[in-house]
>>> print(open('model.csv').read())   # CSV, C-alpha atoms and all ligand atoms
chain,number,residue,atom,x,y,z
A,1,MET,CA,80.6,120.8,71.6
A,2,VAL,CA,79.5,118.0,69.3
A,3,ARG,CA,77.3,116.5,72.0
A,4,ALA,CA,75.1,119.7,71.9
A,5,MET,CA,74.8,119.3,68.1
A,6,VAL,CA,73.5,115.8,68.4
A,7,THR,CA,69.8,116.6,68.3
A,8,ASN,CA,66.5,115.1,67.3
A,9,GLU,CA,64.8,116.0,64.1
A,10,LYS,CA,63.5,119.3,65.4
A,11,GLY,CA,67.1,120.2,66.4
A,12,LYS,CA,66.1,121.2,69.9
A,13,GLU,CA,66.5,118.3,72.3
A,14,PRO,CA,69.6,116.2,72.8
A,15,LEU,CA,69.1,112.8,71.0
A,16,ARG,CA,70.3,111.0,74.1
A,17,ASP,CA,71.1,111.9,77.7
A,18,GLU,CA,74.5,113.7,78.1
A,19,LYS,CA,75.6,111.0,80.4
A,20,ALA,CA,74.6,108.2,78.2
A,21,GLY,CA,77.4,105.7,78.4
A,22,ALA,CA,78.1,102.1,77.6
A,23,GLY,CA,75.3,100.9,79.8
A,24,ALA,CA,72.7,103.4,78.4
A,25,GLU,CA,69.7,102.1,76.6
A,26,LYS,CA,70.5,101.1,73.1
A,27,GLY,CA,68.0,101.5,70.3
A,28,PRO,CA,68.2,99.8,67.0
A,29,ALA,CA,71.5,100.8,65.4
A,30,GLY,CA,71.7,102.6,62.2
A,31,THR,CA,68.4,104.5,62.1
A,32,THR,CA,68.3,107.5,59.8
A,33,THR,CA,68.0,109.9,62.7
A,34,GLU,CA,71.1,108.4,64.5
A,35,ILE,CA,73.2,108.4,61.4
A,36,THR,CA,72.2,112.0,60.5
A,37,ALA,CA,72.8,113.2,64.0
A,38,LEU,CA,76.3,111.6,64.1
A,39,LEU,CA,77.3,113.1,60.8
A,40,ARG,CA,75.9,116.5,61.8
A,41,GLY,CA,78.0,116.4,64.9
A,42,VAL,CA,81.1,115.4,63.1
A,43,LEU,CA,80.7,118.2,60.6
A,44,GLU,CA,80.0,120.8,63.2
A,45,GLU,CA,83.0,119.7,65.1
A,46,SER,CA,85.2,120.2,62.0
A,47,PHE,CA,83.7,123.6,61.2
A,48,SER,CA,84.3,124.9,64.7
A,49,ARG,CA,87.6,123.2,65.4
A,50,ASP,CA,90.3,125.6,66.4
A,51,GLU,CA,93.7,123.9,66.9
A,52,ASP,CA,94.9,126.8,68.9
A,53,GLU,CA,91.9,126.7,71.2
A,54,PRO,CA,93.1,127.5,74.7
A,55,GLU,CA,93.0,124.6,77.1
A,56,THR,CA,90.4,124.6,79.9
A,57,GLY,CA,90.2,122.4,82.9
A,58,GLU,CA,92.1,124.7,85.4
A,59,GLY,CA,95.4,124.6,83.5
A,60,LEU,CA,95.3,120.9,82.7
A,61,GLY,CA,95.7,119.7,79.2
A,62,TRP,CA,94.2,116.6,77.6
A,63,ILE,CA,94.9,112.9,77.7
A,64,TYR,CA,95.1,111.2,74.3
A,65,PRO,CA,93.8,107.6,74.0
A,66,SER,CA,97.1,106.3,72.6
A,67,SER,CA,98.9,107.6,75.8
A,68,LEU,CA,96.3,106.3,78.2
A,69,ALA,CA,96.3,102.9,76.4
A,70,ARG,CA,100.0,102.4,77.4
A,71,GLY,CA,98.8,102.2,81.0
A,72,CYS,CA,101.3,104.6,82.7
A,73,ILE,CA,99.3,107.1,84.9
A,74,LEU,CA,102.6,109.0,85.6
A,75,ALA,CA,103.0,109.6,81.9
A,76,VAL,CA,99.4,110.7,81.7
A,77,ALA,CA,100.1,113.1,84.5
A,78,PHE,CA,103.0,114.6,82.6
A,79,GLU,CA,100.8,114.9,79.5
A,80,LEU,CA,98.1,116.7,81.5
A,81,LEU,CA,100.6,119.1,83.0
A,82,GLY,CA,102.1,119.8,79.6
A,83,ALA,CA,105.6,118.6,80.6
A,84,PRO,CA,108.3,118.9,77.9
A,85,LYS,CA,108.4,115.9,75.6
A,86,ALA,CA,111.5,114.5,73.9
A,87,GLU,CA,111.2,115.3,70.2
A,88,PRO,CA,111.2,112.1,68.2
A,89,GLU,CA,114.2,111.8,65.8
A,90,SER,CA,113.4,112.9,62.3
A,91,ARG,CA,113.5,109.3,60.9
A,92,VAL,CA,110.8,108.3,63.5
A,93,LYS,CA,108.8,111.4,62.5
A,94,ARG,CA,109.0,110.4,58.8
A,95,ILE,CA,107.8,106.9,59.8
A,96,PHE,CA,104.8,108.5,61.5
A,97,GLN,CA,104.1,110.6,58.4
A,98,VAL,CA,104.2,107.5,56.2
A,99,GLY,CA,101.7,105.8,58.5
A,100,SER,CA,99.4,108.9,58.5
A,101,ALA,CA,99.6,109.2,54.7
A,102,SER,CA,98.5,105.6,54.4
A,103,HIS,CA,95.3,106.1,56.2
A,104,HIS,CA,93.5,107.7,53.3
A,105,ARG,CA,94.4,104.8,51.0
A,106,ILE,CA,93.5,102.2,53.6
A,107,LEU,CA,90.2,103.8,54.5
A,108,SER,CA,89.2,103.7,50.8
A,109,TYR,CA,89.3,99.8,51.1
A,110,PHE,CA,86.5,100.1,53.7
A,111,SER,CA,84.3,102.5,51.6
A,112,LYS,CA,81.4,100.1,51.5
A,113,VAL,CA,81.0,100.1,55.2
A,114,LEU,CA,82.6,103.5,56.1
A,115,MET,CA,80.2,105.8,58.1
A,116,ALA,CA,82.7,108.5,59.1
A,117,ARG,CA,86.4,109.0,59.2
A,118,GLU,CA,88.5,110.8,61.8
A,119,VAL,CA,85.7,110.7,64.3
A,120,PRO,CA,86.4,113.1,67.2
A,121,PHE,CA,85.3,112.9,70.8
A,122,LEU,CA,86.2,114.5,74.1
A,123,ASP,CA,85.2,114.0,77.7
A,124,GLU,CA,85.6,116.9,80.1
A,125,GLU,CA,85.1,114.7,83.2
A,126,TYR,CA,88.1,112.5,82.4
A,127,ARG,CA,90.0,115.1,80.3
A,128,LEU,CA,90.1,112.7,77.4
A,129,LYS,CA,90.2,113.8,73.8
A,130,GLY,CA,90.7,111.7,70.7
A,131,ARG,CA,89.9,111.0,67.2
A,132,CYS,CA,89.3,107.4,66.0
A,133,ASP,CA,90.4,106.5,62.5
A,134,ALA,CA,86.9,105.6,61.4
A,135,LEU,CA,83.5,104.5,62.3
A,136,LEU,CA,82.1,101.5,60.3
A,137,PHE,CA,78.6,100.4,60.0
A,138,ILE,CA,77.9,96.8,59.2
A,139,PRO,CA,74.3,96.6,57.8
A,140,PRO,CA,72.0,93.8,58.9
A,141,GLY,CA,72.1,90.9,56.5
A,142,ILE,CA,75.8,91.4,55.5
A,143,SER,CA,77.3,90.1,58.7
A,144,GLU,CA,76.1,89.6,62.2
A,145,PRO,CA,76.3,91.2,64.7
A,146,SER,CA,75.5,94.3,62.6
A,147,GLY,CA,76.0,97.8,63.9
A,148,PHE,CA,78.7,100.4,64.5
A,149,TYR,CA,82.4,99.4,64.9
A,150,VAL,CA,85.4,101.6,65.5
A,151,LEU,CA,88.3,101.1,63.1
A,152,GLU,CA,91.9,101.5,64.2
A,153,ILE,CA,94.6,101.5,61.6
A,154,LYS,CA,98.2,100.6,62.4
A,155,THR,CA,101.1,100.3,60.0
A,156,ALA,CA,104.2,98.5,61.1
A,157,GLY,CA,107.6,97.5,59.7
A,158,SER,CA,108.2,93.8,58.9
A,159,MET,CA,109.7,93.0,62.3
A,160,GLU,CA,106.9,94.4,64.3
A,161,TYR,CA,104.3,93.0,61.9
A,162,GLY,CA,106.0,89.6,62.2
A,163,LEU,CA,105.8,89.7,66.0
A,164,ILE,CA,102.1,90.5,66.0
A,165,LYS,CA,101.4,87.9,63.4
A,166,GLY,CA,103.3,85.3,65.4
A,167,GLU,CA,101.3,86.2,68.5
A,168,GLY,CA,98.1,86.0,66.6
A,169,ARG,CA,96.5,88.9,68.4
A,170,PRO,CA,96.8,92.7,68.6
A,171,ARG,CA,99.2,94.4,70.9
A,172,PRO,CA,97.4,94.9,74.3
A,173,GLU,CA,97.8,98.7,74.1
A,174,HIS,CA,96.2,98.7,70.7
A,175,SER,CA,93.2,96.7,71.9
A,176,ARG,CA,93.0,99.1,74.9
A,177,GLN,CA,93.1,102.1,72.6
A,178,CYS,CA,90.1,100.6,70.7
A,179,HIS,CA,88.3,100.1,74.0
A,180,ILE,CA,88.8,103.8,74.8
A,181,TYR,CA,87.4,104.9,71.4
A,182,ILE,CA,84.4,102.6,71.9
A,183,TRP,CA,83.8,104.0,75.3
A,184,GLY,CA,84.4,107.6,74.3
A,185,ILE,CA,82.2,107.5,71.1
A,186,GLU,CA,79.3,105.9,72.9
A,187,ARG,CA,79.5,108.4,75.7
A,188,TYR,CA,79.9,111.4,73.5
A,189,TYR,CA,77.4,110.7,70.7
A,190,GLY,CA,75.1,108.3,72.5
A,191,LEU,CA,75.6,105.8,69.7
A,192,PRO,CA,75.7,102.1,70.5
A,193,VAL,CA,79.1,100.8,69.3
A,194,ARG,CA,79.3,97.0,68.9
A,195,GLY,CA,83.0,96.6,69.0
A,196,GLY,CA,86.2,97.5,67.2
A,197,VAL,CA,88.4,96.3,64.4
A,198,ILE,CA,92.2,96.7,64.2
A,199,TYR,CA,93.8,96.7,60.7
A,200,TYR,CA,97.5,96.1,60.7
A,201,GLU,CA,99.5,96.7,57.5
A,202,ASN,CA,103.1,95.7,56.8
A,203,ARG,CA,104.7,98.9,55.4
A,204,ASP,CA,107.3,96.8,53.5
A,205,THR,CA,105.1,94.2,51.8
A,206,LEU,CA,101.5,95.7,52.2
A,207,GLU,CA,100.4,92.4,53.7
A,208,TYR,CA,97.6,93.0,56.2
A,209,MET,CA,95.8,91.4,59.1
A,210,LEU,CA,92.4,92.2,60.6
A,211,PHE,CA,91.6,91.6,64.3
A,212,PRO,CA,88.1,92.0,65.8
A,213,VAL,CA,88.2,93.7,69.2
A,214,GLU,CA,85.5,93.0,71.7
A,215,TYR,CA,84.8,95.8,74.1
A,216,ASP,CA,86.1,94.9,77.5
A,217,GLU,CA,84.6,97.3,80.1
A,218,ALA,CA,86.0,95.3,83.0
A,219,GLU,CA,89.5,96.1,81.8
A,220,LEU,CA,88.9,99.7,80.9
A,221,LEU,CA,87.0,101.0,83.9
A,222,PRO,CA,89.8,100.5,86.5
A,223,LEU,CA,92.1,102.5,84.2
A,224,LEU,CA,89.5,105.3,83.9
A,225,GLU,CA,89.0,105.2,87.7
A,226,ARG,CA,92.8,105.8,88.1
A,227,VAL,CA,92.5,108.8,85.8
A,228,LYS,CA,89.6,110.2,87.8
A,229,ALA,CA,91.5,109.8,91.0
A,230,LEU,CA,94.5,111.5,89.4
A,231,LEU,CA,92.8,114.8,88.4
A,232,PRO,CA,92.1,116.3,91.8
A,233,LYS,CA,95.6,115.5,93.0
A,234,LEU,CA,97.2,117.1,89.9
A,235,ARG,CA,95.1,120.2,90.5
A,236,GLU,CA,96.7,120.4,93.9
A,237,GLY,CA,100.2,120.0,92.3
A,238,GLU,CA,100.7,116.4,93.4
A,239,LEU,CA,102.2,113.8,91.1
A,240,PRO,CA,101.1,110.1,91.4
A,241,GLN,CA,103.3,108.3,93.8
A,242,ASP,CA,101.7,104.8,94.0
A,243,PRO,CA,103.8,102.2,92.2
A,244,ILE,CA,100.6,101.0,90.5
A,245,ASP,CA,100.5,104.3,88.7
A,246,ARG,CA,103.6,103.6,86.7
A,247,LEU,CA,104.7,100.8,84.5
A,248,PRO,CA,106.6,97.9,86.1
A,249,PRO,CA,110.4,98.2,85.8
A,250,ASP,CA,110.7,95.4,83.2
A,251,HIS,CA,108.1,97.0,80.9
A,252,TRP,CA,109.4,97.7,77.3
A,253,ALA,CA,107.7,101.1,77.1
A,254,HIS,CA,110.0,103.1,79.4
A,255,GLU,CA,112.6,103.2,76.6
A,256,TYR,CA,110.2,104.8,74.2
A,257,CYS,CA,108.4,107.1,76.6
A,258,PRO,CA,108.6,110.8,75.6
A,259,TYR,CA,109.0,111.7,79.3
A,260,LEU,CA,111.9,109.4,80.0
A,261,GLU,CA,114.2,112.4,80.4
A,262,ILE,CA,112.3,113.8,83.3
A,263,CYS,CA,111.2,110.5,84.9
A,264,GLY,CA,113.6,109.0,87.5
A,265,TYR,CA,111.7,105.7,87.7
A,266,GLY,CA,111.8,105.2,84.0
A,267,GLN,CA,115.5,106.0,83.8
A,268,GLU,CA,116.3,103.5,86.6
A,269,ALA,CA,114.2,100.8,85.0
A,270,VAL,CA,116.0,101.3,81.7
A,271,ARG,CA,119.4,101.2,83.5
A,272,GLN,CA,118.5,98.0,85.4
A,273,LYS,CA,117.4,96.3,82.2
A,274,MET,CA,120.7,97.2,80.5
A,275,VAL,CA,122.7,95.8,83.4
A,276,GLU,CA,120.6,92.6,83.5
A,277,SER,CA,120.7,91.9,79.8
A,278,LYS,CA,124.4,92.9,79.6
A,279,GLY,CA,123.8,95.9,77.5
A,280,ILE,CA,121.2,94.5,75.2
A,281,PRO,CA,117.7,95.8,76.0
A,282,ASP,CA,114.8,93.3,75.7
A,283,ALA,CA,113.2,95.3,72.9
A,284,MET,CA,116.4,95.2,70.9
A,285,LEU,CA,116.8,91.4,71.5
A,286,ALA,CA,113.2,90.9,70.4
A,287,LYS,CA,113.9,92.9,67.3
A,288,ILE,CA,117.0,90.9,66.4
A,289,ILE,CA,115.0,87.6,66.8
A,290,ALA,CA,112.1,88.9,64.8
A,291,GLU,CA,114.4,90.1,62.1
A,292,ARG,CA,116.0,86.7,61.8
A,293,ILE,CA,112.5,85.1,61.6
A,294,VAL,CA,111.4,87.5,58.9
A,295,ILE,CA,114.7,87.0,56.9
A,296,LYS,CA,114.3,83.2,57.2
A,297,ARG,CA,110.6,83.3,56.0
A,298,ARG,CA,111.6,85.5,53.0
A,299,ARG,CA,114.4,83.0,52.1
A,300,GLU,CA,112.0,80.1,52.3
A,301,LYS,CA,109.4,81.9,50.1
A,302,GLU,CA,112.2,82.8,47.6
A,303,LYS,CA,113.3,79.2,47.5
A,304,GLU,CA,109.8,78.0,47.0
A,305,ARG,CA,109.3,80.5,44.2
A,306,LYS,CA,112.5,79.4,42.5
A,307,ARG,CA,111.4,75.8,42.8
A,308,LYS,CA,108.0,76.6,41.1
A,309,GLY,CA,109.5,78.7,38.3
A,310,PRO,CA,108.2,82.0,37.1
A,311,ARG,CA,105.0,83.3,38.7
A,312,SER,CA,101.8,84.1,36.9
A,313,LEU,CA,100.3,87.6,37.4
A,314,GLU,CA,97.6,86.1,39.6
A,315,GLU,CA,100.2,84.4,41.8
A,316,LEU,CA,102.2,87.7,42.1
A,317,ALA,CA,99.0,89.5,43.1
A,318,GLU,CA,98.2,86.9,45.7
A,319,GLU,CA,101.7,87.1,47.1
A,320,LEU,CA,101.5,90.9,47.4
A,321,GLY,CA,98.1,90.6,49.2
A,322,TRP,CA,96.1,92.0,46.3
A,323,ALA,CA,93.8,89.0,46.0
A,324,ARG,CA,90.2,89.8,45.3
A,325,ASP,CA,88.6,87.3,47.6
A,326,TRP,CA,87.7,88.9,51.0
A,327,ALA,CA,86.0,85.9,52.4
A,328,GLY,CA,87.3,84.8,55.8
A,329,GLY,CA,87.4,85.8,59.4
A,330,GLY,CA,89.3,88.3,61.6
A,331,GLY,CA,92.9,87.8,62.4
A,332,SER,CA,93.7,86.2,59.0
A,333,GLU,CA,95.3,87.8,56.1
A,334,GLU,CA,93.1,88.8,53.2
A,335,GLY,CA,93.2,90.8,50.0
A,336,VAL,CA,92.7,94.5,50.3
A,337,ASP,CA,91.0,95.7,47.1
A,338,SER,CA,87.5,94.5,47.7
A,339,PRO,CA,86.5,95.1,51.3
A,340,GLU,CA,83.2,93.3,51.6
A,341,ALA,CA,81.8,93.7,55.1
A,342,GLY,CA,81.6,89.9,55.5
A,343,GLY,CA,85.4,89.8,55.4
A,344,LEU,CA,85.8,92.2,58.4
A,345,LEU,CA,84.3,90.3,61.3
B,1,LIG,S1,109.4,106.6,81.8
B,1,LIG,FE1,108.2,104.8,82.3
B,1,LIG,S2,107.4,105.2,84.4
B,1,LIG,FE2,108.2,107.2,83.6
B,1,LIG,S3,106.4,108.2,82.7
B,1,LIG,FE3,107.4,107.1,81.1
B,1,LIG,S4,106.4,105.1,81.0
B,1,LIG,FE4,105.9,106.0,83.0
>>> encode(input="model.csv", output="structure tokens")
Amino acid sequence: MVRAMVTNEKGKEPLRDEKAGAGAEKGPAGTTTEITALLRGVLEESFSRDEDEPETGEGLGWIYPSSLARGCILAVAFELLGAPKAEPESRVKRIFQVGSASHHRILSYFSKVLMAREVPFLDEEYRLKGRCDALLFIPPGISEPSGFYVLEIKTAGSMEYGLIKGEGRPRPEHSRQCHIYIWGIERYYGLPVRGGVIYYENRDTLEYMLFPVEYDEAELLPLLERVKALLPKLREGELPQDPIDRLPPDHWAHEYCPYLEICGYGQEAVRQKMVESKGIPDAMLAKIIAERIVIKRRREKEKERKRKGPRSLEELAEELGWARDWAGGGGSEEGVDSPEAGGLL
């Protein structure tokens, strides 16, 4: 357990109370003791990690933040019970692999403020286990508010990227995932985490966007309460029956749920949507529209480029998002080769 490894300088007493959570007393962030304790915990966790470790928790598995963030407690129940999942098709698997492979490169852009990468946490009480992409530390004087921030990296194809850019905010499930990491890391390590940052990268063009995420406990706690209420029922072999514990019928996520094959509600929801939209699911319609928007923008850019004549090297670098200037706030597009902390938040 990492929590047991988070000790004071004598290495005997826990640095903070085991139950220290979001509301726990927060000392000044970034003291040497806290940073050393965090890193020691991360290292010990890595040394002792056994991927084949048998599950505890009376036969229940673990909930992963990305699953909980979608908000379907029935899917969470299937996950805890180890229900069979549909295998993603190999093309989708390769997309995941490309996304994972990009993480190392993307994290290098944050090297000036990177405290730890792949930071694990687990919580027995809620059966939650996860690993946030990175923990950043913004030192005082570079940007305020200074302190620890979780970083979540997402890569997306042009259509998906264009939709998020058009909305001007992260997808709700991605913000929620960030909230879960903030909550989990604070609770596990006793570290005060100020907030989160989501980095979106367009896989096709390498454009990027940064969004700050403010921790929203009022949104997260009801979801965690539903998990808490679920666990004793599952141990008695009862699946959640309340409609609030599954996504509404018109939600896009049923189609992509790995448990769709064993979920009657999800199957009925997908069938209904097909009937209502005369065979074209909403997600597909959205993709078609987004694709047209992206193609239109590309054509406009191309026209503009032709009008201006040949580009200089600097213009080309700027177009590809390699500009050196990182000044600017969250949510805007910036260059990626010089990640000053001031450009993050
Ligand atoms: S198919 Fe829909 S309702 Fe069923 S578990 Fe998945 S997300 Fe939940």
>>> closest_residue(input="model.csv", among="A:Arg299, A:Arg246, A:Arg169, A:Arg94", to="ligand LIG 1 (chain B)", atoms="all atoms listed in the file")
A:Arg246
>>> closest_residue(input="model.csv", among="A:Cys263, A:Ile180, A:Ala156, A:Ala86", to="ligand LIG 1 (chain B)", atoms="all atoms listed in the file")
A:Cys263
>>> residues_near_ligand(input="model.csv", ligand="ligand LIG 1 (chain B)", cutoff="10 Å", atoms="all atoms listed in the file", output="PyMOL selection string")
chain A and resi 67+70-79+243+245-270
>>> residues_around(input="model.csv", residues="Arg127 in chain A", least_positions_apart="6", cutoff="9 Å", atoms="all atoms listed in the file", output="list of chain:residue names")
A:Gly57, A:Leu60, A:Gly61, A:Trp62, A:Ile63, A:Tyr64, A:Leu80, A:Val227, A:Lys228, A:Leu231
>>> write_last_selection(input="model.csv", atoms="C-alpha atoms", output="short mmCIF file (atom, residue, chain, number, x, y, z; two decimals), keeping the file's coordinate frame")
data_model
loop_
_atom_site.label_atom_id
_atom_site.label_comp_id
_atom_site.auth_asym_id
_atom_site.auth_seq_id
_atom_site.Cartn_x
_atom_site.Cartn_y
_atom_site.Cartn_z
CA GLY A 57 90.20 122.40 82.90
CA LEU A 60 95.30 120.90 82.70
CA GLY A 61 95.70 119.70 79.20
CA TRP A 62 94.20 116.60 77.60
CA ILE A 63 94.90 112.90 77.70
CA TYR A 64 95.10 111.20 74.30
CA LEU A 80 98.10 116.70 81.50
CA VAL A 227 92.50 108.80 85.80
CA LYS A 228 89.60 110.20 87.80
CA LEU A 231 92.80 114.80 88.40
#
>>> residues_around(input="model.csv", residues="Ala69 in chain A", least_positions_apart="3", cutoff="9 Å", atoms="only C-alpha atoms", output="compact mmCIF listing (two decimals) with C-alpha atoms, in the coordinates of the input")
# COMPACT_ATOMS: atom_id res chain seq x y z
CA TYR A 64 95.10 111.20 74.30
CA PRO A 65 93.80 107.60 74.00
CA SER A 66 97.10 106.30 72.60
CA CYS A 72 101.30 104.60 82.70
CA PRO A 172 97.40 94.90 74.30
CA GLU A 173 97.80 98.70 74.10
CA HIS A 174 96.20 98.70 70.70
CA SER A 175 93.20 96.70 71.90
CA ARG A 176 93.00 99.10 74.90
CA GLN A 177 93.10 102.10 72.60
CA CYS A 178 90.10 100.60 70.70
CA HIS A 179 88.30 100.10 74.00
CA ILE A 180 88.80 103.80 74.80
CA LEU A 223 92.10 102.50 84.20
>>> closest_residue(input="model.csv", among="A:Arg117, A:Lys112, A:Lys233, A:Arg194", to="Glu214 in chain A", atoms="all atoms listed in the file")
A:Arg194
>>> atom_distance(input="model.csv", atom1="CA of Lys154 in chain A", atom2="CA of Ser111 in chain A")
17.7 Å
>>> closest_residue(input="model.csv", among="A:Glu304, A:Glu276, A:Glu186, A:Glu87", to="Phe148 in chain A", atoms="only C-alpha atoms")
A:Glu186
>>> residues_around(input="model.csv", residues="Ile293 in chain A", least_positions_apart="3", cutoff="12 Å", atoms="all atoms listed in the file", output="PyMOL selection string")
chain A and resi 158-163+165-166+286-290+296-300
>>> residues_around(input="model.csv", residues="Leu151 in chain A", least_positions_apart="2", cutoff="8 Å", atoms="only C-alpha atoms", output="list of chain:residue names")
A:Cys132, A:Asp133, A:Ala134, A:Leu135, A:Leu136, A:Tyr149, A:Ile153, A:Cys178, A:Gly196, A:Val197, A:Ile198, A:Tyr199
>>> write_last_selection(input="model.csv", atoms="C-alpha atoms", output="mmCIF file, keeping the file's coordinate frame")
data_model
loop_
_atom_site.group_PDB
_atom_site.id
_atom_site.type_symbol
_atom_site.label_atom_id
_atom_site.label_comp_id
_atom_site.auth_asym_id
_atom_site.auth_seq_id
_atom_site.Cartn_x
_atom_site.Cartn_y
_atom_site.Cartn_z
ATOM 1 C CA CYS A 132 89.300 107.400 66.000
ATOM 2 C CA ASP A 133 90.400 106.500 62.500
ATOM 3 C CA ALA A 134 86.900 105.600 61.400
ATOM 4 C CA LEU A 135 83.500 104.500 62.300
ATOM 5 C CA LEU A 136 82.100 101.500 60.300
ATOM 6 C CA TYR A 149 82.400 99.400 64.900
ATOM 7 C CA ILE A 153 94.600 101.500 61.600
ATOM 8 C CA CYS A 178 90.100 100.600 70.700
ATOM 9 C CA GLY A 196 86.200 97.500 67.200
ATOM 10 C CA VAL A 197 88.400 96.300 64.400
ATOM 11 C CA ILE A 198 92.200 96.700 64.200
ATOM 12 C CA TYR A 199 93.800 96.700 60.700
#
>>> closest_atom_pairs(input="model.csv", of="range 78-152 of chain A", to="range 203-208 of chain A", cutoff="12 Å", atoms="all atoms listed in the file", output="Markdown table")
| residue | atom | partner | partner_atom | distance |
| --- | --- | --- | --- | --- |
| A:Ile95 | CA | A:Arg203 | CA | 9.6 |
| A:Phe96 | CA | A:Arg203 | CA | 11.4 |
| A:Val98 | CA | A:Arg203 | CA | 8.7 |
| A:Gly99 | CA | A:Arg203 | CA | 8.1 |
| A:Ser100 | CA | A:Arg203 | CA | 11.7 |
| A:Ala101 | CA | A:Arg203 | CA | 11.5 |
| A:Ser102 | CA | A:Arg203 | CA | 9.2 |
| A:His103 | CA | A:Arg203 | CA | 11.9 |
| A:Arg105 | CA | A:Leu206 | CA | 11.6 |
| A:Ile106 | CA | A:Leu206 | CA | 10.4 |
| A:Tyr109 | CA | A:Tyr208 | CA | 11.9 |
>>> atom_distance(input="model.csv", atom1="CA of Asp123 in chain A", atom2="CA of Gln241 in chain A")
24.9 Å
>>> atom_distance(input="model.csv", atom1="CA of Gly157 in chain A", atom2="CA of Tyr215 in chain A")
27.0 Å
